[in-house]
Every structure is written in C-alpha cells, then in structure tokens.
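Student: Provided herewith is a single structure, encoded as structure tokens, for subsequent inquiry.
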Amino acid sequence: KFCQVRYVEDPKGTYPVEEDISPEYLEYAQKWRHNMLENVAELDEALFDKYCAGEEFSQEEVIAALRAATVSEHICPVLCGSAFRNKGVRRLLNAVIDYLPSPAETSCIEGKDPQGEPLKRKTSDEEPLAALSFKLVSDKHVGKLVYVRVYSGAIVSGSYVLNSNKNKQQRIGRIFRMHANHQEMVERLECGEIGALVGLTDTVTGDTLCDPAAPIILEQIDFPDPVISVAVHPRKNADREKLMLSLAKLSEEDPTFTVKTDAETEDTVISGMGELHLEIILDRLRREFNVAVDSGMPEVAYRETISKSVEHEERFRKQSGGHGQYAHVIFTLEPLAPGEGFEFVNEVKGGNIPREYIPAIEKGLVEALQRGPRAGYPCVDVKVTLQDGSFHEVDSSEMAFRTCASIALKAAFLKAAPQLLEPVMKLTITTPEEYAGAITGNLCGRRGRVLGMDGIGNGQVIHALAPLASLFGYTSDLRNMSQGRAAFNMQFEFCEPVPNNIAEKIIEDKKKTRQ
C-alpha cells in the first residue's frame, strides 16, 4: 500500500495509523515504489503485459505476485520494526498471512517410522497426529510447558499421545494457546496450530508426538555442542540444592546449555554457546530462581583428536588373591573427518575374544575418550577397529577388558600425533567506515581472518573468523574502538587445530590447575 505509517503511543499500547506520504518523502517513496512494481512485473507474465501497456496494478495483484514469488523462494520480503516498542509487529503478522504459505498449501510432511523407513503425512486434520516439540519453558504456576507445532491430525486435551523418540505414551493434561504472557486454555489444537501442553514430563525439545496407532518420527533439531564453560557455586551453602534444581530446569529448556560436575575439583560447570549466553543464564538464576551465584573465569571447550593412524597392542594382567584379571586387545586407531565423532568396528574372528566382552571393550574406549590423555579434554573424530586379542578362561572378565581398552586407547592416542582443537567463531561486524581499519587490525591481532567486507551506505559489514579463546572481552573492546557505534554477532563455525606454541601453553596451564 502506498502510504506512510505513523505509530501512536497510547497507554494501552502502540498502534499504527496509515497516512498520505509527507511531501518531503514523496519523491523518494515514488522512486522505490516504481522499482518494486518493475520487479513485481518480472515475476508474473500477466502483470508484465499490464506494465508494458502502462496500466496500474491493483493492491491484490501485487500481493498475489509477491506471495507466489515468496512461496517459490525467488524473493524474501523484508520488513522493519521493533518488537520491544511494539512497532511493526502487526504489519509483520499481516505479511505472514499475505505472503507465506498456509499449512494446507505445503506438501506432505516427511518423517520415518520406528524402523527407519521413510513415511509421509498429508497436512490435514483427518490424518493421524504428528507434532513436534520445539521449546520448553518452566512456568511457576503450571510447571513444565511444552511448545508444539501440529503438522497433521489434532491434539485433544486428556488424550494419550506417543513420544516416538522415547517410545513412551503420555497423557495430555491441559492445552494452552499462548498470547505473550497470557495463557488461553483450549480443548484441542488443529493441524497447523502452535500451542503449549502440560503433563509431558519425559518430552524434550525436538521430540515427536504422534498417534500411538500410527507412529512417526519427524526430523529432529540438530543442536551444536557448547563452546564455553564457567564454574559456578552458590554464595550460600544452603542454596546448593536450589541451584542444582534451577540449573536442571534451565538445561531442560535450552539444549545448547549443559551442566556437569567436575570430578577433580567438584565444581559445578555450566557450558553454553558464548559469553552472552552464560551471562543471561546467570542473570536468570538471580532474577527468576532467586539464587545468588559466583562464577569463575570463562573456559574454552577445547577438544582432542589425532592426525595419523596407528596400530596398538595392549595386554592387561593383574594378579591378586583369588582370581586374577587378564585381557588382551589389538586394534587400529585412525582419525575421522571433523564432526563424525566416534566409531567402533569389531573385526575379531574365530572367537579370539568372546562376543560377550565386546560391549565392555567399547565401553572402556568411550570412557577413555571422555578425558583425553594429553590435556584432559574430550576426544573426538576417531575410529577404533578391533582386530584381534585373546582371553583367559578363568581370569578374563568384562571389567578386565574394559580396563584394558581404556589403558590401550590412552597409549595409542599419544602415538597417533595428537592435536588440540579449538572452536572458531564466525563474526559479522557492522561499523561506520572510518573504524573498519582499526577493527580489522584488531581482529588480526586476535588470530582472526577477515573473509571479506561489504559496503552498506556509509558503513561496512566485516565478515571474519576468529578463535573463541581470543574473543573474551571483545564486546567492550569493539565499543572502545568505534566510540560505541559498531555492533557484532557471532556463531560457532567449526573446530580447528590450535597452533603448537599456544597448545603447549594451554596444556601446561591445564596441568597446573589439576595440581
């Protein structure tokens, strides 16, 4: 619509008023209106004919052409506004209705059955239920709220549904349609709707809820591993149990936030995706759960891996009163591609190691990988191929093979050219042009790599990669360099080997903290 929108402040909230465009903006608006209609005409043959004939487009024709181009992913409409000040929110929701496809217009939903075979569901209320939980919230009045999106069928209050990821049936207690912080209780959610469910104690983010008679598993959400950790402890010892319960609720809500206890120091260690992420968690502990906590210095979540293949043989003997312990394994340890985790392959033939001991060997390997032999960080991207071994009819046991495998992996790991990996973050920095040189220079001093720069008006957008370890305190440094006018966001990109000189220092510091 060719108009200007003025937002009127009101005690009940901000609301928009459409007006004729002011004379000082009219020429500018007409220019961009003409550009938009010209581009719209290229999207539709009938509109192109009207454009060439000099005819005006109706508002309905423009919306229909933009909708078709958006649905076919040729364009992406962009709107401006401020959710904090309630400006542009209504226009955004209207644009969702005008330009985005309704559930009825989408193709079949794809998933898998419990055996892993592909399965499809039509987007219809008549189909069996298929819904995905995408968010968890702890509410102090109703408890755990599970936000779901219904892809097919309907969810009815009081009915039983199957959590197909965990193969557990659960009863829907109550159903709410959420309006910001206001909850409207409803009896059912139809296909395409979003709502919050009460009563699903075992459901977490990414789980599929479906009809018990027609199970389906929808595509799960992949969450990155945490990249930064901080040790926390309550200011009052009496709050220790309250702290652990609060952290458990927060970790259930946010899959990228984890909590663990350090076996050596007995500290509670929380991990997340960045400094800001953990700052928000700590603030929520104080504000929502009334737990005052102190936190240590942030610590980067390093990983250990290997860079070459080795073959290793380990024989474990231990004799004490009664039966002794005996185990013997021969395996190959080799590196995997980044992100592939751990793979175990059993190639033992002829029963040289009885089948019942193989799971114990794998368990011992997994335990050894939790704390790397070089610096104590978790080991990733390795493959172990068990080739041979031997056993003793009396002295061999699951515990003996588990212990032998753990010792063997640590020894083989050190022979396989171990490397320390560090998380590398992707940075997008928006700055006035005059500060771009200083910012790029500072990034290079932080072991960063500038990927490119884009000009926008009088500013620059800098795309760069930098190790997370060198970005602590970057927010305040960036403000100082740009007089508070530059801003940035960052996200985890990948892990890469730490330079040897820095790796040695990290390992040395880690050994000192252990002592």
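Letters for chains follow the order of the structure tokens (A, B, ...), residue numbers begin at 1 for each chain, and ligand numbers begin at 1 in the order shown.
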Can you tell me, as a PDB file with N, CA and C atoms, in the first residue's frame, what residues are no more than 8 Å from stretch 396-401 of chain A when counting only C-alpha atoms, ignoring any on the same chain fewer than 4 positions away?

Tutor:
ATOM      1  N   PHE A 316      46.730 -56.751  29.422  1.00  0.00           N
ATOM      2  CA  PHE A 316      46.477 -56.327  30.802  1.00  0.00           C
ATOM      3  C   PHE A 316      46.459 -57.548  31.714  1.00  0.00           C
ATOM      4  N   GLY A 324      42.728 -63.704  39.138  1.00  0.00           N
ATOM      5  CA  GLY A 324      43.398 -62.510  38.629  1.00  0.00           C
ATOM      6  C   GLY A 324      42.554 -61.842  37.551  1.00  0.00           C
ATOM      7  N   GLN A 325      43.179 -60.913  36.820  1.00  0.00           N
ATOM      8  CA  GLN A 325      42.496 -60.236  35.713  1.00  0.00           C
ATOM      9  C   GLN A 325      43.397 -60.337  34.483  1.00  0.00           C
ATOM     10  N   TYR A 326      42.791 -60.697  33.360  1.00  0.00           N
ATOM     11  CA  TYR A 326      43.559 -60.812  32.130  1.00  0.00           C
ATOM     12  C   TYR A 326      42.703 -60.349  30.950  1.00  0.00           C
ATOM     13  N   ALA A 327      43.337 -59.529  30.089  1.00  0.00           N
ATOM     14  CA  ALA A 327      42.692 -59.111  28.843  1.00  0.00           C
ATOM     15  C   ALA A 327      43.782 -58.750  27.846  1.00  0.00           C
ATOM     16  N   HIS A 328      43.499 -58.968  26.560  1.00  0.00           N
ATOM     17  CA  HIS A 328      44.476 -58.698  25.521  1.00  0.00           C
ATOM     18  C   HIS A 328      43.719 -58.210  24.282  1.00  0.00           C
ATOM     19  N   GLU A 356      30.671 -61.740  24.323  1.00  0.00           N
ATOM     20  CA  GLU A 356      30.121 -61.015  25.477  1.00  0.00           C
ATOM     21  C   GLU A 356      31.073 -59.952  26.032  1.00  0.00           C
ATOM     22  N   TYR A 357      32.369 -59.996  25.632  1.00  0.00           N
ATOM     23  CA  TYR A 357      33.324 -58.995  26.116  1.00  0.00           C
ATOM     24  C   TYR A 357      33.425 -57.771  25.189  1.00  0.00           C
ATOM     25  N   ALA A 360      31.985 -54.477  26.544  1.00  0.00           N
ATOM     26  CA  ALA A 360      32.828 -53.947  27.619  1.00  0.00           C
ATOM     27  C   ALA A 360      34.039 -53.219  27.039  1.00  0.00           C
ATOM     28  N   ILE A 361      34.586 -53.738  25.937  1.00  0.00           N
ATOM     29  CA  ILE A 361      35.719 -53.066  25.279  1.00  0.00           C
ATOM     30  C   ILE A 361      35.280 -51.706  24.749  1.00  0.00           C
ATOM     31  N   GLY A 364      34.883 -49.262  27.584  1.00  0.00           N
ATOM     32  CA  GLY A 364      36.177 -48.772  28.069  1.00  0.00           C
ATOM     33  C   GLY A 364      36.770 -47.724  27.154  1.00  0.00           C
ATOM     34  N   PHE A 391      41.993 -64.167  25.436  1.00  0.00           N
ATOM     35  CA  PHE A 391      41.366 -64.129  26.754  1.00  0.00           C
ATOM     36  C   PHE A 391      41.805 -65.364  27.553  1.00  0.00           C
ATOM     37  N   HIS A 392      41.537 -65.315  28.838  1.00  0.00           N
ATOM     38  CA  HIS A 392      41.853 -66.434  29.732  1.00  0.00           C
ATOM     39  C   HIS A 392      40.533 -66.956  30.285  1.00  0.00           C
ATOM     40  N   ALA A 405      40.956 -51.870  27.524  1.00  0.00           N
ATOM     41  CA  ALA A 405      40.631 -51.000  26.393  1.00  0.00           C
ATOM     42  C   ALA A 405      40.899 -49.535  26.727  1.00  0.00           C
TER      43      ALA A 405
END

Student: Pick from A:Ala154, A:Ala438, A:Leu26, A:Ala469: nearest to A:Gln483, with only C-alpha atoms counted?

Tutor: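 Among A:Ala154, A:Ala438, A:Leu26, A:Ala469, it is A:Ala438 that comes nearest to A:Gln483.
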
Student: Write out as CSV a residue-level contact list of stretch 469-514 of chain A versus stretch 415-422 of chain A with cut-off 6 Å: for each qualifying residue the closest pair of atoms and the distance in Å to one decimal, counting only C-alpha atoms, rows sorted by chain and residue number upward.

Tutor:
residue,atom,partner,partner_atom,distance
A:Cys495,CA,A:Glu422,CA,5.3
A:Glu496,CA,A:Leu421,CA,5.1
A:Pro497,CA,A:Leu421,CA,4.3
A:Val498,CA,A:Leu421,CA,5.6

Student: Please, could you write that set of residues out with C-alpha atoms as a short mmCIF file (atom, residue, chain, number, x, y, z; two decimals), in the first residue's frame?

Tutor:
data_model
loop_
_atom_site.label_atom_id
_atom_site.label_comp_id
_atom_site.auth_asym_id
_atom_site.auth_seq_id
_atom_site.Cartn_x
_atom_site.Cartn_y
_atom_site.Cartn_z
CA CYS A 495 36.86 -26.57 15.24
CA GLU A 496 40.45 -26.38 14.01
CA PRO A 497 43.88 -27.35 15.43
CA VAL A 498 45.49 -24.93 17.88
#

Student: A:Ile21: which residues within 12 Å, counting only C-alpha atoms, same-chain residues fewer than 5 positions away excluded, as a PyMOL selection string?

Tutor: chain A and resi 1-6+26-30

Student: Keeping only C-alpha atoms, take the residues you just selected and write them out as a PDB file, in the first residue's frame.

Tutor:
ATOM      1  CA  LYS A   1       0.000   0.000   0.000  1.00  0.00           C
ATOM      2  CA  PHE A   2       1.382   3.404  -0.993  1.00  0.00           C
ATOM      3  CA  CYS A   3       1.250   5.283   2.332  1.00  0.00           C
ATOM      4  CA  GLN A   4       3.284   6.205   5.377  1.00  0.00           C
ATOM      5  CA  VAL A   5       2.694   4.627   8.787  1.00  0.00           C
ATOM      6  CA  ARG A   6       2.832   6.660  11.978  1.00  0.00           C
ATOM      7  CA  LEU A  26       7.010  11.683  -1.668  1.00  0.00           C
ATOM      8  CA  GLU A  27       9.642  11.736  -4.432  1.00  0.00           C
ATOM      9  CA  TYR A  28      11.823   9.202  -2.596  1.00  0.00           C
ATOM     10  CA  ALA A  29       8.842   6.887  -1.964  1.00  0.00           C
ATOM     11  CA  GLN A  30       7.663   7.104  -5.585  1.00  0.00           C
TER      12      GLN A  30
END

Student: Using only C-alpha atoms, which residue out of A:Thr431, A:Thr123, A:Thr205, A:Ser82 lies closest to A:Ala104?

Tutor: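 Among the listed residues, the smallest separation from A:Ala104 belongs to A:Thr123.
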
Student: What lies within 12 Å of A:Gln115 using only C-alpha atoms, ignoring chain neighbours under 6 positions off, as a PyMOL selection string?

Tutor: chain A and resi 164-165+215-217

Student: Could you give me the residues within stretch 54-197 of chain A that DSSP places in helix (DSSP H, G or I), as a PyMOL selection string?

Tutor: chain A and resi 59-71+89-99+103-105

Student: Can those selected residues be exported to a file as a JSON list (two decimals), in the first residue's frame so that it contains C-alpha atoms?

Tutor:
[["chain", "number", "residue", "atom", "x", "y", "z"],
["A", 59, "GLN", "CA", -3.09, -3.99, -4.48],
["A", 60, "GLU", "CA", -4.44, -7.57, -4.72],
["A", 61, "GLU", "CA", -2.37, -8.24, -7.87],
["A", 62, "VAL", "CA", 0.84, -7.01, -6.21],
["A", 63, "ILE", "CA", 0.23, -9.12, -3.07],
["A", 64, "ALA", "CA", -0.57, -12.22, -5.19],
["A", 65, "ALA", "CA", 2.63, -11.82, -7.26],
["A", 66, "LEU", "CA", 4.79, -11.26, -4.15],
["A", 67, "ARG", "CA", 3.18, -14.28, -2.46],
["A", 68, "ALA", "CA", 3.86, -16.54, -5.45],
["A", 69, "ALA", "CA", 7.49, -15.39, -5.62],
["A", 70, "THR", "CA", 7.96, -15.87, -1.85],
["A", 71, "VAL", "CA", 6.45, -19.37, -1.86],
["A", 89, "VAL", "CA", 4.59, -6.29, 14.79],
["A", 90, "ARG", "CA", 1.06, -6.14, 13.36],
["A", 91, "ARG", "CA", 2.37, -5.43, 9.87],
["A", 92, "LEU", "CA", 4.75, -8.40, 10.21],
["A", 93, "LEU", "CA", 1.88, -10.73, 11.15],
["A", 94, "ASN", "CA", -0.20, -9.41, 8.23],
["A", 95, "ALA", "CA", 2.77, -10.09, 5.93],
["A", 96, "VAL", "CA", 2.94, -13.68, 7.24],
["A", 97, "ILE", "CA", -0.72, -14.13, 6.23],
["A", 98, "ASP", "CA", -0.30, -12.35, 2.88],
["A", 99, "TYR", "CA", 2.99, -13.85, 1.67],
["A", 103, "PRO", "CA", -0.13, -25.41, 6.17],
["A", 104, "ALA", "CA", -2.77, -26.52, 3.65],
["A", 105, "GLU", "CA", -0.58, -25.31, 0.77]]

Student: Between atom CA of A:Phe223 and atom CA of A:Val380, what distance in Å does the model show, to one decimal?

Tutor: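 Spanning atom CA of A:Phe223 to atom CA of A:Val380 is a straight-line distance of 16.6 Å.
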
Student: Rounded to one decimal place, report the atom CA of A:Arg121-atom CA of A:His179 distance in Å.

Tutor: 28.8 Å

Student: Counting only C-alpha atoms, which of A:Ala214, A:Val142, A:Met244, A:Ile330 gets nearest to A:Leu200?

Tutor: A:Val142

Student: Counting only C-alpha atoms, give me one row per residue of stretch 432-473 of chain A with an atom at most 10 Å from an atom of stretch 263-284 of chain A, showing the shortest contact pair and its distance in Å to one decimal, sorted by chain then residue number, as a Markdown table.

Tutor:
| residue | atom | partner | partner_atom | distance |
| --- | --- | --- | --- | --- |
| A:Leu468 | CA | A:Gly274 | CA | 8.4 |
| A:Leu471 | CA | A:Glu275 | CA | 9.3 |
| A:Phe472 | CA | A:Glu275 | CA | 7.5 |
| A:Gly473 | CA | A:Glu275 | CA | 8.7 |

Student: To one decimal place, how far is atom CA of A:Lys120 from atom CA of A:Thr201 in Å?

Tutor: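 So the two atoms, atom CA of A:Lys120 and atom CA of A:Thr201, lie 27.6 Å apart.
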